[in-house]
Amino acid sequence: MKYIVILGDGMADYPVDYFDGKTILEAADKPVIDYMSQHGELGMVKTVQPGMKPGSDVANLSVMGFDTKVCYSGRSPLEAASIGIDMKDDDVTFRTNLVMLSDEDNYEDKTMLDYSSGEITTEESTQLIDAVAKELNTDEIKFYPGISYRHICVWGHGSTNVELTPPHDISDRKIKDYLPKGDGAEKFLEMMKKSEKILKEHPVNKARIAAGKHPATSIWPWGEGTKPQLENFEKKFGVKAAVISAVDLIKGIAKCAGMDSIDVEGATGNCETNWDGKAQAALKAITDDGNDFVYVHMEAPDEMGHQGKPDKKKFAVETIDNKVVKFLKEELEKRGMEYRMLILPDHPTPIKTKTHASDAVPYVIYDSREQEAGSGLVYNENTAKTTGIYIEPGYTLMNRFLQK
């Protein structure tokens with residue numbers, strides 16, 4: 001038996017005015033996922049435990065079967081693990097976005113215009129974060145390049161007694177109420193202000209402006225955490241596992257849990273990602289590479305939710321159905337392989353709010369051996385609520401999926 005998880009990051013939503021009050025999942029044309037829903041188990045799962053923030057870190061860990069009340073130590077340490085940073089026990093890491101702020105003279109008066117600097121490329125952003133590191137690195141604080149707008153800062157002998165806000169939570173808002181608070185607040189604010197001067201004159205930003213693209217005008221630290229400790233996934237669940245993702249967070253979870261992390265050329269985490277390459281890599285992982293389990297993470301619906309783009313979010317969901325789910329279903333059945341597929345988001349990223357929500361999300365489990373109609377319902381938030389199946393805490397869904 002092979003097990004495939006299709007994780008459409010943030011694809012759950014609230015009713016969207018653009019689609020006459022339908023959610024993205026209701027509006028999207030997704031015939032293969034709907035078929036699996038009609039012939040599988042459809043239900044709701046609460047991936048974010050009470051008292052925890054609905055980040056992709058907490059939610060994906062839960063989907064993977066980890067109790068985040070026990071194992072979670074912060075988001076950025078998982079990303080740090082992905083890019084090979086060797087953390088000391090007293091290190092504190094921070095996700096550091098390259099963001100675009102408005103151009104008021106006083107830093108505190110600026111507005112968060114773009115948390116991703118126009119989804120800046122990794123090649124461009126690496127040059128920018130290297131320039132920041134050259135000027136701002138000290139024996140205590142160091143910056144490391146990641147992917148696209150997502151980078152890492154490490155504070156040696158640091159503190160987690162800080163209050164930092166994810167930049168995607170404050171799109172189009174004045175930043176003055178969301179600047180660092182707590183231990184090291186003055187230190188971080190000083191670095192943020194200095195980064196603005198470093199980035200302003202950089203050739204990469206000048207070229208982006210000339211091309212009509214958003215420049216990266218400041219660093220923005222958030223997501224503090226300490227060295228992670230995760231159980232080995234194979235020992236925990238008895239299946240050899242691989243993960244396919246374009247983002248450091250998910251790759252870091254894989255590394256910390258002893259799962260293979262498979263890189264796909266052209267995988268970006270947005271709507272222009274290499275959808276075909278991800279699907280082909282997933283097939284290879286379970287047919288040729290000896291894995292029993294593959295977790296295919298696709299970031300695009302989440303990014304489009306943060307950007308408030310309903311048509312692009314719908315496109316992302318439809319492409320997951322057409323390019324990934326359909327391909328894997330057809331190829332596995334062509335080979336006569338028995339499989340179970342779990343399809344779900346980690347959390348909602350509603351168009352209306354442009355940020356994550358902690359609401360329960362719809363899931364479907366499809367088993368290729370069972371062709372009898374299950375719920376008979378297509379896949380969306382409203383139909384999933386009618387089945388009466390509700391999984392809480394969310395980390396128990398993995399045992400249900402693996403039939404443990």
# chains A, B, ... in the order shown; residues from 1 in each chain; ligands from 1
call {"tool": "select_by_dssp", "arguments": {"residues": "region 146-260 of chain A", "states": "strand (DSSP E)", "output": "PyMOL selection string"}}
result
chain A and resi 146-147+150-155+162-163+181-182+218-225+241-244+260
call {"tool": "closest_atom_pairs", "arguments": {"of": "region 168-250 of chain A", "to": "region 281-304 of chain A", "cutoff": "9 Å", "atoms": "only C-alpha atoms", "output": "Markdown table"}}
result
| residue | atom | partner | partner_atom | distance |
| --- | --- | --- | --- | --- |
| A:Val239 | CA | A:Asp292 | CA | 5.6 |
| A:Lys240 | CA | A:Asn291 | CA | 5.0 |
| A:Ala241 | CA | A:Phe293 | CA | 4.6 |
| A:Ala242 | CA | A:Val294 | CA | 4.8 |
| A:Val243 | CA | A:Tyr295 | CA | 4.7 |
| A:Ile244 | CA | A:Val296 | CA | 4.9 |
| A:Ser245 | CA | A:His297 | CA | 5.0 |
| A:Ala246 | CA | A:Met298 | CA | 7.6 |
| A:Val247 | CA | A:Glu299 | CA | 7.8 |
| A:Ile250 | CA | A:His297 | CA | 7.7 |
call {"tool": "residues_around", "arguments": {"residues": "Glu104 (chain A)", "least_positions_apart": "3", "cutoff": "12 Å", "atoms": "only C-alpha atoms", "output": "count of residues only"}}
result
11
call {"tool": "closest_residue", "arguments": {"among": "A:Lys30, A:Lys312, A:His306, A:Arg335", "to": "Thr355 (chain A)", "atoms": "only C-alpha atoms"}}
result
A:His306
call {"tool": "residues_around", "arguments": {"residues": "region 14-19 of chain A", "least_positions_apart": "3", "cutoff": "12 Å", "atoms": "only C-alpha atoms", "output": "ChimeraX atom specification"}}
result
/A:10-11,22-28,305,308-314,347-357,359-361,380-382
call {"tool": "write_last_selection", "arguments": {"atoms": "N, CA, C and O atoms", "output": "CSV table (one decimal), in the first residue's frame"}}
result
chain,number,residue,atom,x,y,z
A,10,GLY,N,-3.5,26.4,2.6
A,10,GLY,CA,-4.4,27.6,2.7
A,10,GLY,C,-5.6,27.6,1.7
A,10,GLY,O,-6.3,28.6,1.6
A,11,MET,N,-5.9,26.4,1.1
A,11,MET,CA,-6.9,26.5,0.0
A,11,MET,C,-8.4,26.6,0.5
A,11,MET,O,-9.3,26.9,-0.2
A,22,LYS,N,-19.7,32.0,-3.0
A,22,LYS,CA,-19.1,30.6,-3.0
A,22,LYS,C,-17.7,30.7,-2.4
A,22,LYS,O,-17.0,31.7,-2.6
A,23,THR,N,-17.3,29.6,-1.8
A,23,THR,CA,-15.9,29.6,-1.4
A,23,THR,C,-15.1,29.2,-2.6
A,23,THR,O,-15.6,28.8,-3.7
A,24,ILE,N,-13.8,29.3,-2.5
A,24,ILE,CA,-12.9,28.9,-3.6
A,24,ILE,C,-13.1,27.5,-4.0
A,24,ILE,O,-13.2,27.1,-5.2
A,25,LEU,N,-13.2,26.6,-3.0
A,25,LEU,CA,-13.4,25.2,-3.3
A,25,LEU,C,-14.7,24.9,-3.9
A,25,LEU,O,-14.9,23.9,-4.7
A,26,GLU,N,-15.7,25.7,-3.6
A,26,GLU,CA,-17.0,25.5,-4.3
A,26,GLU,C,-17.0,26.0,-5.7
A,26,GLU,O,-17.6,25.4,-6.6
A,27,ALA,N,-16.2,27.1,-6.0
A,27,ALA,CA,-16.2,27.7,-7.3
A,27,ALA,C,-15.2,26.9,-8.2
A,27,ALA,O,-15.4,27.0,-9.5
A,28,ALA,N,-14.2,26.3,-7.7
A,28,ALA,CA,-13.2,25.6,-8.5
A,28,ALA,C,-13.7,24.4,-9.3
A,28,ALA,O,-14.5,23.6,-8.7
A,305,GLY,N,-4.2,33.6,-1.4
A,305,GLY,CA,-5.0,34.1,-0.3
A,305,GLY,C,-4.5,35.3,0.4
A,305,GLY,O,-5.2,36.3,0.6
A,308,GLY,N,-4.9,38.3,-1.7
A,308,GLY,CA,-6.3,38.7,-2.0
A,308,GLY,C,-6.7,38.5,-3.4
A,308,GLY,O,-7.5,39.3,-4.0
A,309,LYS,N,-6.2,37.4,-4.1
A,309,LYS,CA,-6.5,37.2,-5.5
A,309,LYS,C,-7.4,35.9,-5.7
A,309,LYS,O,-6.8,34.8,-5.9
A,310,PRO,N,-8.7,36.1,-5.7
A,310,PRO,CA,-9.6,34.9,-5.8
A,310,PRO,C,-9.4,34.1,-7.0
A,310,PRO,O,-9.5,32.9,-7.0
A,311,ASP,N,-9.3,34.8,-8.2
A,311,ASP,CA,-9.2,34.1,-9.4
A,311,ASP,C,-7.9,33.3,-9.5
A,311,ASP,O,-7.9,32.1,-10.0
A,312,LYS,N,-6.8,33.8,-9.0
A,312,LYS,CA,-5.5,33.1,-9.0
A,312,LYS,C,-5.6,31.9,-8.0
A,312,LYS,O,-5.0,30.8,-8.2
A,313,LYS,N,-6.3,32.1,-6.8
A,313,LYS,CA,-6.4,31.0,-5.9
A,313,LYS,C,-7.2,29.9,-6.5
A,313,LYS,O,-6.9,28.7,-6.3
A,314,LYS,N,-8.3,30.2,-7.2
A,314,LYS,CA,-9.1,29.2,-7.8
A,314,LYS,C,-8.3,28.5,-8.9
A,314,LYS,O,-8.3,27.2,-9.0
A,347,HIS,N,-4.7,24.9,6.7
A,347,HIS,CA,-5.6,25.9,7.4
A,347,HIS,C,-6.3,26.7,6.3
A,347,HIS,O,-5.8,26.6,5.1
A,348,PRO,N,-7.3,27.5,6.6
A,348,PRO,CA,-7.8,28.4,5.6
A,348,PRO,C,-6.9,29.6,5.5
A,348,PRO,O,-6.3,30.1,6.5
A,349,THR,N,-6.8,30.2,4.3
A,349,THR,CA,-6.2,31.6,4.1
A,349,THR,C,-7.3,32.4,3.4
A,349,THR,O,-7.2,32.5,2.1
A,350,PRO,N,-8.3,32.9,4.1
A,350,PRO,CA,-9.4,33.6,3.4
A,350,PRO,C,-9.0,34.8,2.6
A,350,PRO,O,-8.2,35.6,3.1
A,351,ILE,N,-9.6,34.9,1.4
A,351,ILE,CA,-9.4,36.1,0.6
A,351,ILE,C,-9.8,37.4,1.4
A,351,ILE,O,-9.2,38.4,1.3
A,352,LYS,N,-10.9,37.3,2.2
A,352,LYS,CA,-11.4,38.4,2.9
A,352,LYS,C,-10.5,39.0,3.9
A,352,LYS,O,-10.4,40.2,4.0
A,353,THR,N,-9.7,38.2,4.5
A,353,THR,CA,-8.8,38.6,5.6
A,353,THR,C,-7.3,38.7,5.2
A,353,THR,O,-6.5,39.3,5.8
A,354,LYS,N,-7.0,37.9,4.1
A,354,LYS,CA,-5.6,37.9,3.6
A,354,LYS,C,-4.6,37.3,4.6
A,354,LYS,O,-3.4,37.5,4.6
A,355,THR,N,-5.1,36.5,5.6
A,355,THR,CA,-4.2,35.9,6.6
A,355,THR,C,-4.8,34.5,7.0
A,355,THR,O,-5.9,34.2,6.6
A,356,HIS,N,-4.1,33.8,7.8
A,356,HIS,CA,-4.5,32.5,8.2
A,356,HIS,C,-5.6,32.5,9.2
A,356,HIS,O,-5.8,33.5,9.9
A,357,ALA,N,-6.4,31.5,9.2
A,357,ALA,CA,-7.5,31.3,10.2
A,357,ALA,C,-7.3,29.9,10.8
A,357,ALA,O,-6.8,29.0,10.2
A,359,ASP,N,-9.9,27.9,11.7
A,359,ASP,CA,-11.1,27.1,11.5
A,359,ASP,C,-10.7,25.7,11.0
A,359,ASP,O,-9.7,25.5,10.4
A,360,ALA,N,-11.5,24.7,11.3
A,360,ALA,CA,-11.4,23.4,10.8
A,360,ALA,C,-11.4,23.4,9.3
A,360,ALA,O,-12.0,24.3,8.7
A,361,VAL,N,-10.8,22.4,8.7
A,361,VAL,CA,-10.7,22.4,7.2
A,361,VAL,C,-11.3,21.0,6.7
A,361,VAL,O,-11.3,20.0,7.4
A,380,ASN,N,-15.8,20.3,-0.6
A,380,ASN,CA,-15.7,21.7,-0.2
A,380,ASN,C,-16.1,21.8,1.3
A,380,ASN,O,-16.5,20.8,1.9
A,381,GLU,N,-16.0,23.0,1.8
A,381,GLU,CA,-16.1,23.2,3.3
A,381,GLU,C,-17.6,22.9,3.7
A,381,GLU,O,-17.8,22.2,4.8
A,382,ASN,N,-18.6,23.3,2.9
A,382,ASN,CA,-19.9,23.1,3.4
A,382,ASN,C,-20.4,21.7,3.3
A,382,ASN,O,-21.1,21.2,4.2
call {"tool": "atom_distance", "arguments": {"atom1": "CA of Val45 (chain A)", "atom2": "CA of Gly394 (chain A)"}}
result
5.6 Å
call {"tool": "atom_distance", "arguments": {"atom1": "CA of Tyr149 (chain A)", "atom2": "CA of Leu98 (chain A)"}}
result
5.1 Å
call {"tool": "atom_distance", "arguments": {"atom1": "CA of Asp183 (chain A)", "atom2": "CA of Pro145 (chain A)"}}
result
24.2 Å
call {"tool": "select_by_dssp", "arguments": {"residues": "region 183-231 of chain A", "states": "helix (DSSP H, G or I)", "output": "PyMOL selection string"}}
result
chain A and resi 185-200+203-210
call {"tool": "closest_residue", "arguments": {"among": "A:Trp155, A:Tyr35, A:Tyr339, A:Tyr178", "to": "Gly376 (chain A)", "atoms": "only C-alpha atoms"}}
result
A:Tyr35
call {"tool": "residues_around", "arguments": {"residues": "Met398 (chain A)", "least_positions_apart": "6", "cutoff": "9 Å", "atoms": "only C-alpha atoms", "output": "tab-separated table (two decimals) with all heavy atoms, in the first residue's frame"}}
result
chain	number	residue	atom	x	y	z
A	62	SER	N	0.71	19.21	12.40
A	62	SER	CA	-0.48	18.48	12.81
A	62	SER	C	-0.92	17.50	11.74
A	62	SER	O	-1.21	16.33	12.03
A	62	SER	CB	-1.60	19.47	13.12
A	62	SER	OG	-2.77	18.81	13.54
A	63	VAL	N	-0.97	17.95	10.48
A	63	VAL	CA	-1.36	17.05	9.39
A	63	VAL	C	-0.40	15.87	9.31
A	63	VAL	O	-0.80	14.74	9.04
A	63	VAL	CB	-1.40	17.81	8.05
A	63	VAL	CG1	-1.65	16.84	6.89
A	63	VAL	CG2	-2.48	18.88	8.07
A	64	MET	N	0.87	16.10	9.58
A	64	MET	CA	1.87	15.03	9.53
A	64	MET	C	1.80	14.10	10.75
A	64	MET	O	2.56	13.13	10.83
A	64	MET	CB	3.27	15.61	9.42
A	64	MET	CG	3.57	16.22	8.07
A	64	MET	SD	5.32	16.72	7.97
A	64	MET	CE	5.33	17.54	6.37
A	65	GLY	N	0.93	14.41	11.69
A	65	GLY	CA	0.72	13.50	12.80
A	65	GLY	C	1.49	13.84	14.06
A	65	GLY	O	1.59	13.01	14.97
A	66	PHE	N	1.99	15.07	14.17
A	66	PHE	CA	2.74	15.48	15.35
A	66	PHE	C	1.88	16.34	16.27
A	66	PHE	O	1.21	17.27	15.81
A	66	PHE	CB	4.00	16.26	14.94
A	66	PHE	CG	5.01	15.43	14.19
A	66	PHE	CD1	5.15	15.56	12.82
A	66	PHE	CD2	5.81	14.52	14.86
A	66	PHE	CE1	6.07	14.80	12.12
A	66	PHE	CE2	6.74	13.76	14.17
A	66	PHE	CZ	6.86	13.89	12.81
A	237	PHE	N	5.48	5.98	12.56
A	237	PHE	CA	4.35	5.47	11.79
A	237	PHE	C	4.64	4.20	10.99
A	237	PHE	O	3.73	3.61	10.41
A	237	PHE	CB	3.83	6.56	10.84
A	237	PHE	CG	3.22	7.73	11.55
A	237	PHE	CD1	3.84	8.97	11.55
A	237	PHE	CD2	2.02	7.60	12.23
A	237	PHE	CE1	3.27	10.06	12.20
A	237	PHE	CE2	1.44	8.68	12.88
A	237	PHE	CZ	2.08	9.91	12.87
A	404	LYS	N	-3.68	2.99	11.29
A	404	LYS	CA	-2.94	2.50	12.45
A	404	LYS	C	-3.86	2.32	13.65
A	404	LYS	O	-4.68	3.18	13.92
A	404	LYS	CB	-1.80	3.48	12.79
A	404	LYS	CG	-0.80	3.67	11.67
A	404	LYS	CD	-0.02	2.43	11.40
A	404	LYS	CE	1.03	2.65	10.30
A	404	LYS	NZ	1.75	1.41	9.98
call {"tool": "closest_residue", "arguments": {"among": "A:Glu392, A:Glu318, A:Asp346, A:Asp139", "to": "Asp29 (chain A)", "atoms": "only C-alpha atoms"}}
result
A:Glu318
call {"tool": "closest_residue", "arguments": {"among": "A:Pro50, A:Gly223, A:Gly266, A:Gly146", "to": "Asn161 (chain A)", "atoms": "only C-alpha atoms"}}
result
A:Gly223
call {"tool": "closest_residue", "arguments": {"among": "A:Leu397, A:Ile262, A:Leu136, A:Leu42", "to": "Gln280 (chain A)", "atoms": "only C-alpha atoms"}}
result
A:Ile262
call {"tool": "residues_around", "arguments": {"residues": "Ala59 (chain A)", "least_positions_apart": "2", "cutoff": "6 Å", "atoms": "only C-alpha atoms", "output": "PDB file with all heavy atoms, in the first residue's frame"}}
result
ATOM      1  N   THR A  47      -6.903  21.290  12.555  1.00  0.00           N
ATOM      2  CA  THR A  47      -5.451  21.127  12.539  1.00  0.00           C
ATOM      3  C   THR A  47      -4.731  22.021  13.534  1.00  0.00           C
ATOM      4  O   THR A  47      -3.582  21.749  13.874  1.00  0.00           O
ATOM      5  CB  THR A  47      -4.902  21.424  11.135  1.00  0.00           C
ATOM      6  OG1 THR A  47      -5.262  22.763  10.773  1.00  0.00           O
ATOM      7  CG2 THR A  47      -5.455  20.453  10.106  1.00  0.00           C
ATOM      8  N   VAL A  48      -5.382  23.089  13.974  1.00  0.00           N
ATOM      9  CA  VAL A  48      -4.742  24.047  14.884  1.00  0.00           C
ATOM     10  C   VAL A  48      -5.333  23.867  16.274  1.00  0.00           C
ATOM     11  O   VAL A  48      -6.531  24.083  16.496  1.00  0.00           O
ATOM     12  CB  VAL A  48      -4.946  25.497  14.400  1.00  0.00           C
ATOM     13  CG1 VAL A  48      -4.267  26.473  15.353  1.00  0.00           C
ATOM     14  CG2 VAL A  48      -4.405  25.667  12.981  1.00  0.00           C
ATOM     15  N   SER A  56       1.408  27.950   9.131  1.00  0.00           N
ATOM     16  CA  SER A  56       1.640  26.749   8.325  1.00  0.00           C
ATOM     17  C   SER A  56       2.529  25.760   9.059  1.00  0.00           C
ATOM     18  O   SER A  56       2.497  24.558   8.778  1.00  0.00           O
ATOM     19  CB  SER A  56       2.269  27.133   6.985  1.00  0.00           C
ATOM     20  OG  SER A  56       1.341  27.833   6.186  1.00  0.00           O
ATOM     21  N   ASP A  57       3.341  26.250   9.994  1.00  0.00           N
ATOM     22  CA  ASP A  57       4.191  25.358  10.780  1.00  0.00           C
ATOM     23  C   ASP A  57       3.351  24.452  11.665  1.00  0.00           C
ATOM     24  O   ASP A  57       3.403  23.222  11.568  1.00  0.00           O
ATOM     25  CB  ASP A  57       5.192  26.175  11.618  1.00  0.00           C
ATOM     26  CG  ASP A  57       4.549  27.375  12.324  1.00  0.00           C
ATOM     27  OD1 ASP A  57       3.311  27.515  12.296  1.00  0.00           O
ATOM     28  OD2 ASP A  57       5.304  28.180  12.908  1.00  0.00           O
ATOM     29  N   LEU A  61       2.575  20.431  10.744  1.00  0.00           N
ATOM     30  CA  LEU A  61       3.021  19.448  11.727  1.00  0.00           C
ATOM     31  C   LEU A  61       1.854  18.585  12.182  1.00  0.00           C
ATOM     32  O   LEU A  61       1.981  17.366  12.324  1.00  0.00           O
ATOM     33  CB  LEU A  61       3.659  20.153  12.928  1.00  0.00           C
ATOM     34  CG  LEU A  61       5.085  20.668  12.750  1.00  0.00           C
ATOM     35  CD1 LEU A  61       5.450  21.621  13.880  1.00  0.00           C
ATOM     36  CD2 LEU A  61       6.079  19.514  12.693  1.00  0.00           C
ATOM     37  N   SER A  62       0.713  19.214  12.399  1.00  0.00           N
ATOM     38  CA  SER A  62      -0.481  18.480  12.814  1.00  0.00           C
ATOM     39  C   SER A  62      -0.924  17.496  11.741  1.00  0.00           C
ATOM     40  O   SER A  62      -1.215  16.331  12.030  1.00  0.00           O
ATOM     41  CB  SER A  62      -1.603  19.474  13.118  1.00  0.00           C
ATOM     42  OG  SER A  62      -2.769  18.812  13.538  1.00  0.00           O
ATOM     43  N   ASP A 346      -3.864  22.843   5.021  1.00  0.00           N
ATOM     44  CA  ASP A 346      -3.401  22.856   6.404  1.00  0.00           C
ATOM     45  C   ASP A 346      -4.268  23.772   7.260  1.00  0.00           C
ATOM     46  O   ASP A 346      -4.545  23.496   8.416  1.00  0.00           O
ATOM     47  CB  ASP A 346      -1.929  23.276   6.490  1.00  0.00           C
ATOM     48  CG  ASP A 346      -1.625  24.541   5.692  1.00  0.00           C
ATOM     49  OD1 ASP A 346      -2.487  24.980   4.904  1.00  0.00           O
ATOM     50  OD2 ASP A 346      -0.518  25.079   5.836  1.00  0.00           O
TER      51      ASP A 346
END
call {"tool": "residues_around", "arguments": {"residues": "Asp67 (chain A)", "least_positions_apart": "3", "cutoff": "9 Å", "atoms": "only C-alpha atoms", "output": "list in words"}}
result
Gln49, Leu61, Ser62, Val70, Cys71, Tyr72, Pro393, Gly394, Tyr395 and Thr396 of chain A
